[in-house]
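Data block for query_9.txt (compact mmCIF, C-alpha atoms and all ligand atoms):
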# COMPACT_ATOMS: atom_id res chain seq x y z
CA MET A 71 0.00 0.00 0.00
CA LEU A 72 1.24 3.46 -0.94
CA GLY A 73 -0.26 5.50 1.89
CA VAL A 74 -3.94 5.86 2.74
CA MET A 75 -5.24 8.04 -0.10
CA THR A 76 -8.10 6.38 -1.94
CA ALA A 77 -8.45 8.79 -4.89
CA PRO A 78 -6.23 11.05 -6.96
CA SER A 79 -5.86 14.41 -5.23
CA PRO A 80 -5.53 17.73 -7.04
CA ARG A 81 -2.89 20.37 -6.22
CA PRO A 82 -3.96 22.08 -2.97
CA GLU A 83 -4.28 25.50 -4.65
CA VAL A 84 -6.68 23.96 -7.16
CA ALA A 85 -8.77 22.30 -4.45
CA ALA A 86 -9.10 25.74 -2.79
CA LEU A 87 -10.14 27.67 -5.93
CA PRO A 88 -13.21 29.89 -5.72
CA ALA A 89 -15.72 29.14 -8.47
CA TYR A 90 -16.00 31.63 -11.34
CA VAL A 91 -19.59 32.90 -11.23
CA PRO A 92 -20.92 33.29 -14.78
CA GLY A 93 -23.60 35.87 -15.47
CA ALA A 94 -27.10 34.41 -15.12
CA ARG A 95 -28.50 32.90 -18.33
CA GLY A 96 -32.16 32.46 -17.38
CA ALA A 97 -34.05 29.17 -17.16
CA ASP A 98 -37.72 28.39 -17.81
CA GLY A 99 -40.38 31.07 -18.15
CA PRO A 100 -40.35 34.21 -20.30
CA ALA A 101 -37.13 34.94 -22.18
CA PRO A 102 -35.25 37.31 -19.89
CA ILE A 103 -33.33 40.45 -20.79
CA LYS A 104 -29.74 39.40 -20.25
CA LEU A 105 -27.68 42.24 -18.82
CA SER A 106 -25.43 40.01 -16.72
CA SER A 107 -22.25 39.25 -18.69
CA ASN A 108 -21.13 42.46 -20.41
CA GLU A 109 -21.74 40.96 -23.82
CA SER A 110 -22.60 43.01 -26.89
CA PRO A 111 -26.37 42.83 -27.43
CA TYR A 112 -25.89 42.86 -31.21
CA GLY A 113 -25.59 39.89 -33.55
CA PRO A 114 -22.83 39.63 -36.17
CA LEU A 115 -22.57 42.08 -39.06
CA PRO A 116 -23.32 40.47 -42.45
CA SER A 117 -19.62 40.34 -43.36
CA VAL A 118 -18.81 38.64 -40.07
CA ALA A 119 -21.71 36.20 -40.45
CA ALA A 120 -20.32 35.27 -43.88
CA ALA A 121 -16.88 34.67 -42.40
CA LEU A 122 -18.47 32.53 -39.69
CA ALA A 123 -20.22 30.38 -42.27
CA ALA A 124 -17.14 30.00 -44.48
CA GLY A 125 -14.74 29.51 -41.57
CA GLY A 126 -16.75 26.60 -40.24
CA ALA A 127 -16.63 24.64 -43.50
CA GLU A 128 -13.72 22.32 -42.60
CA PRO A 129 -14.13 21.24 -38.99
CA ASN A 130 -12.14 18.09 -39.73
CA ARG A 131 -8.99 20.21 -40.21
CA TYR A 132 -6.87 21.74 -37.48
CA PRO A 133 -6.63 25.53 -37.61
CA ASP A 134 -3.45 27.38 -38.55
CA MET A 135 -1.59 26.79 -35.30
CA ALA A 136 0.30 30.07 -35.50
CA ALA A 137 -2.87 32.01 -36.42
CA SER A 138 -0.55 33.84 -38.81
CA ALA A 139 -3.16 35.85 -40.70
CA LEU A 140 -4.78 37.04 -37.49
CA HIS A 141 -1.43 37.97 -35.92
CA ALA A 142 -0.40 39.80 -39.09
CA GLU A 143 -3.67 41.76 -39.18
CA LEU A 144 -3.54 42.67 -35.47
CA ALA A 145 0.12 43.66 -35.74
CA SER A 146 -0.34 45.86 -38.78
CA ARG A 147 -3.30 47.65 -37.18
CA ALA A 148 -1.30 48.20 -33.99
CA GLY A 149 1.77 49.28 -35.97
CA VAL A 150 3.98 46.57 -34.43
CA ALA A 151 5.78 43.44 -35.64
CA PRO A 152 3.77 40.18 -35.70
CA ASP A 153 5.88 38.74 -32.87
CA ALA A 154 4.71 41.64 -30.67
CA VAL A 155 1.22 40.06 -30.59
CA VAL A 156 -0.01 36.81 -29.01
CA ALA A 157 -3.59 35.66 -29.62
CA GLY A 158 -5.38 33.05 -27.54
CA ALA A 159 -8.79 31.57 -26.82
CA GLY A 160 -10.08 34.74 -25.16
CA SER A 161 -8.01 37.30 -23.29
CA VAL A 162 -8.70 35.36 -20.09
CA ALA A 163 -6.77 32.46 -21.61
CA VAL A 164 -3.98 34.81 -22.70
CA LEU A 165 -3.77 36.18 -19.16
CA ALA A 166 -3.64 32.63 -17.81
CA HIS A 167 -0.69 31.99 -20.13
CA ILE A 168 1.03 35.20 -19.02
CA LEU A 169 0.71 34.18 -15.37
CA GLN A 170 1.87 30.63 -16.13
CA ALA A 171 4.89 32.02 -17.97
CA TYR A 172 5.89 34.59 -15.34
CA THR A 173 4.73 33.38 -11.92
CA GLY A 174 4.81 30.33 -9.69
CA THR A 175 4.80 29.28 -6.06
CA GLY A 176 5.85 32.10 -3.74
CA ASP A 177 5.40 34.84 -6.32
CA GLU A 178 2.88 37.62 -5.81
CA VAL A 179 0.41 39.05 -8.28
CA VAL A 180 -0.95 42.47 -7.28
CA PHE A 181 -4.30 43.75 -8.52
CA ALA A 182 -7.08 46.09 -7.45
CA TRP A 183 -10.13 44.71 -5.69
CA ARG A 184 -12.91 44.58 -6.52
CA SER A 185 -11.82 43.98 -10.09
CA PHE A 186 -12.23 41.19 -12.64
CA GLU A 187 -13.07 38.00 -10.79
CA ALA A 188 -10.88 35.86 -13.05
CA TYR A 189 -7.74 37.52 -11.60
CA PRO A 190 -7.60 35.67 -8.26
CA ILE A 191 -8.60 32.40 -9.92
CA LEU A 192 -5.92 32.57 -12.63
CA THR A 193 -3.33 33.65 -10.05
CA ALA A 194 -4.11 30.65 -7.87
CA ILE A 195 -4.01 28.26 -10.83
CA ALA A 196 -0.53 29.53 -11.65
CA GLY A 197 0.42 28.68 -8.07
CA ALA A 198 1.10 32.33 -7.17
CA THR A 199 -0.34 34.44 -4.37
CA ALA A 200 -2.97 37.11 -5.02
CA VAL A 201 -2.47 40.51 -3.36
CA ARG A 202 -5.74 42.46 -3.50
CA VAL A 203 -5.48 46.23 -3.08
CA PRO A 204 -8.80 47.93 -2.26
CA LEU A 205 -10.25 50.42 -4.75
CA ASP A 206 -10.52 54.00 -3.50
CA ALA A 207 -13.75 55.65 -2.33
CA SER A 208 -14.70 56.46 -5.95
CA ALA A 209 -14.38 52.78 -6.96
CA ARG A 210 -11.16 53.61 -8.86
CA HIS A 211 -7.76 51.93 -8.80
CA ASP A 212 -5.61 53.20 -5.93
CA LEU A 213 -2.30 53.03 -7.79
CA GLY A 214 -0.38 54.52 -4.85
CA ALA A 215 -1.61 51.72 -2.60
CA MET A 216 -0.76 49.20 -5.32
CA LEU A 217 2.81 50.55 -5.44
CA ALA A 218 2.99 50.26 -1.65
CA ALA A 219 1.97 46.60 -1.97
CA ILE A 220 5.05 45.71 -4.05
CA THR A 221 7.48 43.37 -2.32
CA ASP A 222 10.52 41.53 -3.61
CA ARG A 223 8.13 38.67 -4.44
CA THR A 224 5.93 40.76 -6.73
CA LYS A 225 6.17 39.43 -10.29
CA VAL A 226 3.08 40.76 -12.04
CA MET A 227 0.64 43.66 -11.51
CA LEU A 228 -2.75 43.73 -13.21
CA VAL A 229 -4.41 47.05 -14.04
CA CYS A 230 -7.97 46.86 -15.39
CA SER A 231 -9.03 50.02 -17.25
CA PRO A 232 -11.95 50.62 -17.41
CA ASN A 233 -12.39 48.52 -14.29
CA ASN A 234 -14.79 45.58 -14.32
CA PRO A 235 -17.17 45.66 -12.43
CA THR A 236 -17.05 49.25 -11.08
CA GLY A 237 -16.56 51.22 -14.32
CA PRO A 238 -13.96 54.02 -14.00
CA ALA A 239 -10.82 54.14 -16.13
CA VAL A 240 -7.26 54.66 -14.88
CA HIS A 241 -5.96 58.07 -15.93
CA ALA A 242 -2.88 58.55 -18.10
CA ASP A 243 -1.08 60.79 -15.60
CA GLU A 244 -1.70 58.33 -12.74
CA PHE A 245 -0.50 55.48 -14.91
CA ALA A 246 2.69 57.32 -15.88
CA ALA A 247 3.46 58.10 -12.23
CA PHE A 248 2.79 54.46 -11.37
CA MET A 249 4.99 53.03 -14.12
CA ALA A 250 7.80 55.35 -13.08
CA GLN A 251 7.84 53.64 -9.67
CA VAL A 252 7.27 50.01 -10.66
CA PRO A 253 10.57 48.08 -10.69
CA ALA A 254 11.76 47.13 -14.18
CA THR A 255 11.63 43.45 -13.15
CA VAL A 256 7.88 43.56 -12.48
CA LEU A 257 5.55 42.85 -15.40
CA VAL A 258 2.53 45.16 -15.67
CA VAL A 259 -0.53 43.96 -17.59
CA LEU A 260 -3.02 46.64 -18.67
CA ASP A 261 -6.34 44.88 -19.32
CA GLU A 262 -8.30 46.93 -21.86
CA ALA A 263 -11.22 44.56 -22.37
CA TYR A 264 -13.53 47.61 -22.43
CA GLY A 265 -11.12 50.09 -24.01
CA GLU A 266 -13.33 50.72 -27.06
CA TYR A 267 -16.11 52.02 -24.80
CA SER A 268 -13.88 54.42 -22.87
CA ARG A 269 -14.65 58.10 -23.45
CA ASP A 270 -12.94 59.58 -20.40
CA PRO A 271 -10.52 62.04 -22.06
CA LEU A 272 -8.01 61.49 -19.25
CA ALA A 273 -7.99 57.69 -19.54
CA VAL A 274 -4.74 55.86 -20.28
CA ARG A 275 -4.65 54.23 -23.73
CA GLY A 276 -2.53 51.12 -24.11
CA ALA A 277 -1.66 52.02 -27.68
CA ASP A 278 -0.18 55.35 -26.52
CA VAL A 279 2.00 53.94 -23.74
CA LEU A 280 3.01 50.51 -25.00
CA GLY A 281 6.20 51.78 -26.60
CA SER A 282 7.27 53.64 -23.46
CA TYR A 283 7.65 50.72 -21.05
CA PRO A 284 9.65 47.55 -21.69
CA ASN A 285 7.78 45.76 -18.87
CA LEU A 286 4.22 46.44 -20.10
CA LEU A 287 1.73 44.15 -21.84
CA VAL A 288 -1.70 45.26 -23.04
CA LEU A 289 -4.62 42.80 -23.18
CA ARG A 290 -7.47 43.17 -25.66
CA THR A 291 -10.45 41.04 -26.59
CA PHE A 292 -12.97 40.44 -29.36
CA SER A 293 -15.55 39.46 -26.73
CA LYS A 294 -17.03 42.85 -25.87
CA ALA A 295 -17.05 45.67 -28.45
CA TYR A 296 -16.52 43.21 -31.33
CA GLY A 297 -19.39 41.00 -30.20
CA LEU A 298 -17.56 37.66 -30.49
CA ALA A 299 -17.70 36.46 -26.86
CA GLY A 300 -18.92 33.04 -27.96
CA LEU A 301 -15.96 32.47 -30.30
CA ARG A 302 -13.21 33.08 -27.73
CA VAL A 303 -10.51 35.33 -29.20
CA GLY A 304 -8.30 37.75 -27.31
CA TYR A 305 -4.68 38.89 -27.51
CA ALA A 306 -1.77 40.55 -25.81
CA LEU A 307 0.44 43.27 -27.26
CA GLY A 308 3.96 43.97 -26.04
CA ARG A 309 7.64 43.54 -26.71
CA ALA A 310 8.52 40.31 -28.53
CA GLU A 311 10.98 39.38 -25.76
CA LEU A 312 8.17 39.62 -23.18
CA LEU A 313 5.73 37.66 -25.30
CA ALA A 314 7.97 34.77 -26.39
CA PRO A 315 7.52 32.93 -23.06
CA VAL A 316 3.77 33.52 -23.27
CA ARG A 317 3.61 32.10 -26.78
CA ALA A 318 5.52 29.08 -25.51
CA VAL A 319 2.75 28.12 -23.08
CA VAL A 320 -0.29 28.86 -25.29
CA THR A 321 -2.32 25.68 -25.77
CA PRO A 322 -1.67 24.52 -29.36
CA PHE A 323 -4.50 25.18 -31.84
CA SER A 324 -6.50 27.09 -29.23
CA VAL A 325 -7.82 29.75 -31.62
CA THR A 326 -10.12 27.91 -34.03
CA GLU A 327 -10.23 28.61 -37.76
CA VAL A 328 -13.73 30.04 -37.51
CA ALA A 329 -12.65 32.33 -34.68
CA GLN A 330 -9.59 33.50 -36.64
CA SER A 331 -11.60 34.32 -39.74
CA ALA A 332 -14.44 36.01 -37.82
CA ALA A 333 -11.89 38.10 -35.91
CA ILE A 334 -10.22 39.20 -39.16
CA ALA A 335 -13.60 40.02 -40.73
CA SER A 336 -14.45 42.04 -37.61
CA LEU A 337 -11.23 44.03 -37.90
CA GLU A 338 -12.11 44.78 -41.51
CA ALA A 339 -15.57 45.93 -40.34
CA VAL A 340 -14.19 47.93 -37.44
CA ASP A 341 -15.90 51.18 -38.43
CA GLU A 342 -19.34 49.56 -38.44
CA LEU A 343 -18.64 47.84 -35.13
CA LEU A 344 -17.48 51.08 -33.56
CA GLU A 345 -20.76 52.72 -34.63
CA ARG A 346 -22.49 50.15 -32.43
CA VAL A 347 -20.07 50.96 -29.64
CA GLU A 348 -21.05 54.61 -30.02
CA VAL A 349 -24.71 53.67 -29.51
CA THR A 350 -23.77 51.79 -26.35
CA VAL A 351 -21.78 54.78 -25.10
CA HIS A 352 -24.85 56.97 -25.62
CA GLU A 353 -27.12 54.50 -23.89
CA ARG A 354 -24.66 54.21 -21.02
CA ALA A 355 -25.07 57.91 -20.24
CA ARG A 356 -28.83 57.49 -20.18
CA VAL A 357 -28.71 54.43 -17.90
CA LEU A 358 -26.12 55.99 -15.57
CA ALA A 359 -28.22 59.15 -15.24
CA ALA A 360 -31.28 57.04 -14.40
CA VAL A 361 -29.38 55.01 -11.82
CA ARG A 362 -28.15 58.20 -10.15
CA ALA A 363 -31.62 59.77 -10.37
CA ALA A 364 -33.00 56.70 -8.60
CA GLY A 365 -30.75 57.65 -5.68
CA TRP A 366 -27.69 55.40 -6.09
CA GLU A 367 -24.21 56.90 -5.83
CA ALA A 368 -22.94 55.16 -8.93
CA PRO A 369 -19.32 55.75 -9.99
CA ASP A 370 -18.37 56.97 -13.47
CA ALA A 371 -19.02 54.32 -16.12
CA ASP A 372 -16.42 53.95 -18.89
CA GLY A 373 -17.17 50.36 -20.00
CA ASN A 374 -20.37 48.82 -21.41
CA PHE A 375 -21.88 48.51 -17.92
CA VAL A 376 -22.84 50.52 -14.86
CA TRP A 377 -22.22 49.71 -11.20
CA ILE A 378 -24.81 50.14 -8.48
CA PRO A 379 -22.99 50.15 -5.13
CA ALA A 380 -25.98 48.58 -3.41
CA GLY A 381 -24.06 47.05 -0.47
CA ASP A 382 -26.44 45.04 1.72
CA GLN A 383 -29.32 45.86 -0.66
CA THR A 384 -27.65 43.96 -3.52
CA ALA A 385 -29.94 40.94 -3.28
CA ASP A 386 -33.01 43.21 -3.18
CA VAL A 387 -32.05 44.95 -6.43
CA VAL A 388 -31.41 41.63 -8.15
CA ALA A 389 -34.70 40.19 -6.86
CA ALA A 390 -36.73 43.24 -7.95
CA LEU A 391 -35.37 43.06 -11.51
CA GLY A 392 -35.65 39.27 -11.65
CA ALA A 393 -39.31 39.30 -10.58
CA LEU A 394 -40.52 41.39 -13.54
CA ALA A 395 -42.91 39.82 -16.10
CA THR A 396 -39.90 39.92 -18.43
CA PRO A 397 -37.11 39.33 -15.93
CA ILE A 398 -33.93 41.39 -16.20
CA LEU A 399 -30.81 39.40 -15.37
CA VAL A 400 -27.95 41.37 -13.81
CA ARG A 401 -24.70 40.40 -12.09
CA PRO A 402 -24.69 40.63 -8.29
CA PHE A 403 -21.58 40.79 -6.12
CA ALA A 404 -22.97 39.73 -2.77
CA GLY A 405 -22.89 42.50 -0.19
CA GLU A 406 -21.12 44.89 -2.57
CA GLY A 407 -23.22 45.84 -5.54
CA VAL A 408 -24.78 45.05 -8.89
CA ARG A 409 -23.20 45.30 -12.33
CA ILE A 410 -25.64 45.98 -15.15
CA THR A 411 -24.61 45.62 -18.79
CA ILE A 412 -25.81 48.22 -21.29
CA GLY A 413 -28.20 46.42 -23.66
CA THR A 414 -30.23 47.54 -26.65
CA SER A 415 -32.21 50.72 -26.26
CA ASP A 416 -35.36 48.64 -25.54
CA ASP A 417 -33.50 46.62 -22.90
CA ASN A 418 -32.36 49.82 -21.25
CA ASP A 419 -35.87 51.30 -21.33
CA ALA A 420 -37.13 48.25 -19.48
CA LEU A 421 -34.33 48.51 -16.95
CA ILE A 422 -34.84 52.23 -16.35
CA ALA A 423 -38.58 51.73 -15.85
CA ALA A 424 -37.94 49.04 -13.25
CA LEU A 425 -34.94 50.44 -11.34
CA PRO A 426 -35.51 50.25 -7.59
CA SER A 427 -34.34 53.07 -5.32
CA PRO A 428 -32.26 52.61 -2.18
CA ARG A 429 -34.15 52.01 1.06
C1 LIG B 1 -14.78 40.27 -20.33
C2 LIG B 1 -13.40 40.55 -19.83
C3 LIG B 1 -12.28 40.03 -20.48
C4 LIG B 1 -12.44 39.25 -21.76
O1 LIG B 1 -12.40 37.93 -21.61
P1 LIG B 1 -12.35 36.98 -22.88
O2 LIG B 1 -11.66 35.79 -22.35
O3 LIG B 1 -11.55 37.68 -23.94
O4 LIG B 1 -13.76 36.75 -23.29
C5 LIG B 1 -11.03 40.33 -20.02
N1 LIG B 1 -10.86 41.14 -18.96
C6 LIG B 1 -11.91 41.69 -18.33
C7 LIG B 1 -11.67 42.62 -17.21
C8 LIG B 1 -13.20 41.40 -18.74
O5 LIG B 1 -14.23 41.92 -18.07
structure tokens encoding of this file:
Amino acid sequence: MLGVMTAPSPRPEVAALPAYVPGARGADGPAPIKLSSNESPYGPLPSVAAALAAGGAEPNRYPDMAASALHAELASRAGVAPDAVVAGAGSVAVLAHILQAYTGTGDEVVFAWRSFEAYPILTAIAGATAVRVPLDASARHDLGAMLAAITDRTKVMLVCSPNNPTGPAVHADEFAAFMAQVPATVLVVLDEAYGEYSRDPLAVRGADVLGSYPNLLVLRTFSKAYGLAGLRVGYALGRAELLAPVRAVVTPFSVTEVAQSAAIASLEAVDELLERVEVTVHERARVLAAVRAAGWEAPDADGNFVWIPAGDQTADVVAALGALATPILVRPFAGEGVRITIGTSDDNDALIAALPSPR
């Protein structure tokens, strides 16, 4: 007998993982309005639908493993060399690869909290230790406190701008002051999943700062503004030397042929897609004003969602919206607040009509 274990046991950090909570999808009953996962409410443009149909024609074949055409297209649009881009099966997967490549047991990954809930999970899977730095009173990154959290074990820092789920963007001057203090040996990842929706004139733009810092990676995704969440495509931009180890751990063939061709077609249709983003930006102002008029002290919203800091009334807000004849699904963070995705104009009308006020 080899000890007393009776079943295979996972790594302890895996056994301790918190579950990722997906946005609600609705079950039986009337089709709900789904404002719970920050997806685009719009279906594919005709050109993208055509690419989807054509790209799915040979499912018996493996995709181009290097996703060369997609990398070339992303690189030329970003004005960088193709080896300064790494695509993966969603930017969450790319971030997982970054953490696998750069961190392990004993290393620390610093990020704001509350921020994207995948961060602590991916950190733990890599075997590293999450260091959560509270947001400030305006639900914004506290970059000074994040700097103060750096130790000689810090390997990676994650900056989410605009921040999911609270909404505000990090400002360019704050980011510059932050980068000036971060040690050159620490990798900074700027997650711009919602960058296309950002209209804050002071917000940092990855494209503007990428060339300035040899220890910076920028993460982007086709899941939000480009409306391809179901296809799973995201990418990182940065120096080739920083990305080579990331490319080395990407799961082979992880970006499917259909995803590659739909992503390329979306880049070619970028102007049309950004018109839709503009509609969402407009609608966001309307929803945010209604949330504030209802009495909630909502922070600035720079993504495709608004945050209601409902605290101990979080469950009440979710229940009120879920009990409507056409239920509205939103994303609760127990005891903290509710994140509501900006939907179509009709979706937002329904939400605004039903918004509860604080007690
Ligand atoms: C939605 C989101 C992503 C994108 O994830 P994909 O894996 O590309 O779908 C990345 N970061 C944040 C903060 C997000 O909210």
Quiz prompt | ligand LIG 1 (chain B) neighbours within 9 Å using all atoms listed in the file, as number ranges by chain | solution = A: 107-109, 158-165, 185-189, 230-235, 261-264, 289-294, 298-305
Practice problem: Excluding Asp382 in chain A and any residue of its chain fewer than 2 positions from it, enumerate the residues within 10 Å of it, using all atoms listed in the file, and give them as a count of residues only. | Solution: 10
Practice problem: Grab the CA of Gly265 in chain A to CA of Asn374 in chain A distance for me, in Å with one decimal place. | Solution: 9.7 Å
Quiz item: What gap, in Å, lies between CA of Ala371 in chain A and CA of Glu345 in chain A?
Solution: 18.7 Å
Quiz item: Which of these residues is nearest to Ala151 in chain A, using only C-alpha atoms: A:Gly308, A:Gly174, A:Pro315, A:Pro322?
Solution: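 Nearest to Ala151 in chain A: A:Gly308.
Reported to one decimal place, the separation of CA of Val388 in chain A from CA of Phe403 in chain A is 10.1 Å.
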Practice problem: Find, counting all atoms listed in the file, the residue in A:Val259, A:Ala250, A:Ala368, A:Ile412 that gets nearest to Ala306 in chain A. | Solution: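 Smallest separation from Ala306 in chain A among the options: A:Val259.
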Self-check item: Among listed residues A:Phe245, A:Tyr283, A:Phe181, A:Tyr112, nearest Val349 in chain A (using only C-alpha atoms)
Solution: A:Tyr112
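For the set A:Pro253, A:Pro133, A:Gly99, A:Pro114, the residue with the smallest atom-to-atom gap to Val325 in chain A is A:Pro133, counting all atoms listed in the file.
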Self-check item: All residues 8 Å or closer to Gly214 in chain A, all atoms listed in the file, same chain fewer than 3 positions away omitted, as an MDAnalysis selection string
Solution: chainID A and resid 217:218 248
Quiz item: Which residue gives the smallest distance to Leu286 in chain A among A:Ala395, A:Val240, A:Ala86, A:Ala154, with all atoms listed in the file counted?
Solution: A:Ala154
Quiz prompt | Spatial neighbours of Asp370 in chain A, 8 Å, only C-alpha atoms, chain gap at least 2 places, as number ranges by chain | solution = A: 237-238, 368, 372, 376
Within 10 Å of (-34.8, 50.7, -12.0), in the coordinates the file gives, what residues turn up when you count all atoms listed in the file, written out as a PDB file with C-alpha atoms, keeping the file's coordinate frame?
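Wrote out_33.pdb, looks like this:
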ATOM      1  CA  VAL A 357     -28.710  54.430 -17.900  1.00  0.00           C
ATOM      2  CA  ALA A 360     -31.280  57.040 -14.400  1.00  0.00           C
ATOM      3  CA  VAL A 361     -29.380  55.010 -11.820  1.00  0.00           C
ATOM      4  CA  ALA A 363     -31.620  59.770 -10.370  1.00  0.00           C
ATOM      5  CA  ALA A 364     -33.000  56.700  -8.600  1.00  0.00           C
ATOM      6  CA  VAL A 387     -32.050  44.950  -6.430  1.00  0.00           C
ATOM      7  CA  ALA A 390     -36.730  43.240  -7.950  1.00  0.00           C
ATOM      8  CA  LEU A 391     -35.370  43.060 -11.510  1.00  0.00           C
ATOM      9  CA  ASN A 418     -32.360  49.820 -21.250  1.00  0.00           C
ATOM     10  CA  ASP A 419     -35.870  51.300 -21.330  1.00  0.00           C
ATOM     11  CA  ALA A 420     -37.130  48.250 -19.480  1.00  0.00           C
ATOM     12  CA  LEU A 421     -34.330  48.510 -16.950  1.00  0.00           C
ATOM     13  CA  ILE A 422     -34.840  52.230 -16.350  1.00  0.00           C
ATOM     14  CA  ALA A 423     -38.580  51.730 -15.850  1.00  0.00           C
ATOM     15  CA  ALA A 424     -37.940  49.040 -13.250  1.00  0.00           C
ATOM     16  CA  LEU A 425     -34.940  50.440 -11.340  1.00  0.00           C
ATOM     17  CA  PRO A 426     -35.510  50.250  -7.590  1.00  0.00           C
ATOM     18  CA  SER A 427     -34.340  53.070  -5.320  1.00  0.00           C
TER      19      SER A 427
END
Exercise. Considering only C-alpha atoms, state which residue in the set A:Leu169, A:Ala329, A:Ile191, A:Ala200 is at the smallest distance from Val258 in chain A.
Key: A:Leu169
Quiz item: Could you list as number ranges by chain every residue that has an atom within 6 Å of (-22.8, 52.5, -21.2), using the file's coordinates and counting all atoms listed in the file?
Solution: A: 350-351, 353-355, 374-375, 412
So for range 358-377 of chain A, what box centre and size do we get, axis-aligned, 4 Å extra on each of the six sides, every listed atom, Å to one decimal, as JSON?
{"center_x": -24.7, "center_y": 54.1, "center_z": -13.5, "size_x": 24.6, "size_y": 19.3, "size_z": 23.7}
Practice problem: Would you list the contacts of range 120-122 of chain A as JSON, numbers by chain, taking every protein, DNA or RNA residue within 8 Å and counting all atoms listed in the file, but skipping same-chain residues closer than 4 positions in sequence? | Solution: {"A": [116, 126, 328, 329, 331, 332, 335]}
Could I get range 254-266 of chain A rebuilt with N, CA, C and O atoms, written as a compact mmCIF listing (two decimals), keeping the file's coordinate frame?
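Below you can see rebuild-v5.txt, which holds the result:
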# COMPACT_ATOMS: atom_id res chain seq x y z
N ALA A 254 11.67 47.61 -12.80
CA ALA A 254 11.76 47.13 -14.18
C ALA A 254 11.57 45.62 -14.26
O ALA A 254 11.24 45.09 -15.33
N THR A 255 11.76 44.91 -13.15
CA THR A 255 11.63 43.45 -13.15
C THR A 255 10.19 43.00 -12.95
O THR A 255 9.91 41.80 -13.01
N VAL A 256 9.29 43.92 -12.69
CA VAL A 256 7.88 43.56 -12.48
C VAL A 256 7.10 43.79 -13.78
O VAL A 256 7.19 44.85 -14.39
N LEU A 257 6.36 42.77 -14.19
CA LEU A 257 5.55 42.85 -15.40
C LEU A 257 4.21 43.50 -15.08
O LEU A 257 3.53 43.09 -14.13
N VAL A 258 3.84 44.51 -15.84
CA VAL A 258 2.53 45.16 -15.67
C VAL A 258 1.65 44.78 -16.86
O VAL A 258 2.07 44.86 -18.01
N VAL A 259 0.43 44.33 -16.55
CA VAL A 259 -0.53 43.96 -17.59
C VAL A 259 -1.70 44.93 -17.52
O VAL A 259 -2.39 45.01 -16.50
N LEU A 260 -1.90 45.70 -18.59
CA LEU A 260 -3.02 46.64 -18.67
C LEU A 260 -4.14 45.95 -19.44
O LEU A 260 -4.03 45.70 -20.64
N ASP A 261 -5.22 45.62 -18.73
CA ASP A 261 -6.34 44.88 -19.32
C ASP A 261 -7.35 45.88 -19.87
O ASP A 261 -8.05 46.55 -19.12
N GLU A 262 -7.40 45.97 -21.19
CA GLU A 262 -8.30 46.93 -21.86
C GLU A 262 -9.49 46.24 -22.51
O GLU A 262 -9.89 46.61 -23.61
N ALA A 263 -10.09 45.29 -21.81
CA ALA A 263 -11.22 44.56 -22.37
C ALA A 263 -12.34 45.51 -22.82
O ALA A 263 -13.07 45.22 -23.76
N TYR A 264 -12.45 46.65 -22.13
CA TYR A 264 -13.53 47.61 -22.43
C TYR A 264 -13.00 48.91 -23.03
O TYR A 264 -13.69 49.93 -23.03
N GLY A 265 -11.77 48.87 -23.53
CA GLY A 265 -11.12 50.09 -24.01
C GLY A 265 -11.92 50.82 -25.07
O GLY A 265 -11.96 52.05 -25.10
N GLU A 266 -12.58 50.07 -25.95
CA GLU A 266 -13.33 50.72 -27.06
C GLU A 266 -14.47 51.58 -26.55
O GLU A 266 -14.93 52.48 -27.24
